[in-house]
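Engineer: The structure follows.
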Amino acid sequence: MNEERKIKYEVLETRNETENIFTVVLKTPSGDPLSFSAGQYINVYFPETGKPEGKSYSISSPPGEKNFSLCVRTIGDFSKRLSSLSPGDKVTGTEPYGYFFSDSDDSPLVMIASGIGVSPFRSMILDQLKKNPGRPMRLFYGSCTLSGAVFGKEFETLAKKHPNFRLRYFITRENPGHPLAERGRMDGKKILSMLSFEEKGESAEKGGNGKNLNNAEFLICGSIEFTRDLWRSLQNAGAPEENIYTEAFF
Ligand SMILES: Cc1cc2nc3c(=O)[nH]c(=O)nc-3n(C[C@H](O)[C@H](O)[C@H](O)COP(=O)(O)OP(=O)(O)OC[C@H]3O[C@@H](n4cnc5c(N)ncnc54)[C@H](O)[C@@H]3O)c2cc1C
């Protein structure tokens, strides 16, 4: 088996996003933008701890920027170590991996995230708004609380500016009191019913633009349990299996 090529990335910045989620901004050794597709991740290693195993982190920034970022929830040893890095520190990582993205340029994208699973979707949304500005995109975003929904404010601003991008929160541990949020867990049936409702609304508003959600691609990202449950319930609700892509954070 081929050894993974290891790269020493330089930490430019770490910043808190919510109480237990932070962003780390990294620079490639050459200073050139990292080449990747939105949805990919890198593996990170801390060889100085004597542990050979690495962990994976999705890239949260869009391709083409000078530097790239990871968004990390502090859970255990590895994520805590990442959170304690300072500007100028070096991090051992790999080149980008993974196939968590759509190959199409115009199919409607239905992104379904729970918690920190939203990280690759930030990359995709910013990338698509630039490359394919009219592409229909929906983000269904589950979080325990509204204030814990990382990038929420940024997504809300984007949704106001770009009618093709719509956001819906599902908040489980409080009454959200927010026009884009409802209380409770999401499931495939709720998601599909909202899509068909929006589709009708959209054609009525715009007189139809030829783009409907029949050929939508569904991307699910979050914990193993969340990903598995949504994958099943979307299929049970009628979403074609071949149009569903998953990325489980374990
Ligand atoms: C392809 C891929 C992409 C990933 N991208 C990201 C990313 O963008 N951002 C990110 O923060 N993480 C991401 N992860 C998860 C990441 O790789 C680590 O597993 C995570 O940071 C926990 O590692 P740790 O050593 O800090 O905690 P651990 O020591 O592994 O865990 C500490 C405790 O938390 C529990 N735990 C672990 N994970 C979870 C969880 N998801 N939810 C609830 N409890 C948990 C464990 O059971 C344990 O009790 C990704 C994983 C994969 C496979």
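By order in the structure tokens, chains are A, B, ...; within a chain, residues start at 1; ligands start at 1, following the order shown.
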Around ligand 1, out to 7 Å and counting only C-alpha atoms and all ligand atoms, which residues are there? I want them as number ranges by chain.

Structural biologist: A: 41, 55-59, 70-80, 116-117, 119-120, 223, 247-250

Engineer: Please provide as a list in words all residues within 12 Å of Leu158 in chain A, with the sequence filter that same-chain residues fewer than 3 positions apart are discarded (counting only C-alpha atoms).

Structural biologist: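 After dropping sequence-adjacent residues, the list is Arg122, Ile125, Leu126, Gln128, Leu129, Lys130, Pro133, Met137, Arg138, Leu139, Phe151, Gly152, Lys153, Glu154, Phe155, Lys161, His162, Pro163, Asn164, Phe165, Arg166 and Leu167 of chain A.
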
Engineer: Select, from A:Thr172, A:Asn215, A:Thr28, A:Ser233, the residue with the minimum atom-to-atom distance to Ser107 in chain A, counting only C-alpha atoms.

Structural biologist: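 Smallest separation from Ser107 in chain A among the options: A:Asn215.
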
Engineer: Going by DSSP on the backbone, which bits of range 21-104 of chain A are strand (DSSP E or B)? Write them as a PyMOL selection string, please.

Structural biologist: chain A and resi 21-27+41-45+55-59+68-73+90-93+97

Engineer: Using the selection just defined, write its residues with C-alpha atoms as a compact mmCIF listing (two decimals), in the first residue's frame.

Structural biologist:
# COMPACT_ATOMS: atom_id res chain seq x y z
CA ILE A 21 -16.56 24.92 17.71
CA PHE A 22 -13.58 26.69 16.19
CA THR A 23 -12.08 27.37 12.78
CA VAL A 24 -8.41 26.83 12.01
CA VAL A 25 -7.01 28.57 8.92
CA LEU A 26 -4.11 26.79 7.19
CA LYS A 27 -1.58 27.71 4.55
CA TYR A 41 -11.42 16.43 3.72
CA ILE A 42 -7.82 16.10 4.82
CA ASN A 43 -6.34 13.73 7.39
CA VAL A 44 -4.44 15.38 10.22
CA TYR A 45 -1.67 13.79 12.30
CA LYS A 55 -8.19 11.94 12.03
CA SER A 56 -10.19 13.44 9.18
CA TYR A 57 -11.50 17.00 8.92
CA SER A 58 -13.63 18.41 6.11
CA ILE A 59 -12.55 21.62 4.44
CA PHE A 68 -8.14 27.01 3.52
CA SER A 69 -9.93 26.27 6.75
CA LEU A 70 -11.20 23.41 8.86
CA CYS A 71 -14.05 23.78 11.30
CA VAL A 72 -13.74 21.55 14.35
CA ARG A 73 -15.93 20.65 17.27
CA LYS A 90 2.88 23.50 11.76
CA VAL A 91 0.29 20.75 11.32
CA THR A 92 0.98 17.47 9.55
CA GLY A 93 -1.80 16.65 7.10
CA TYR A 97 -9.51 13.11 -0.21
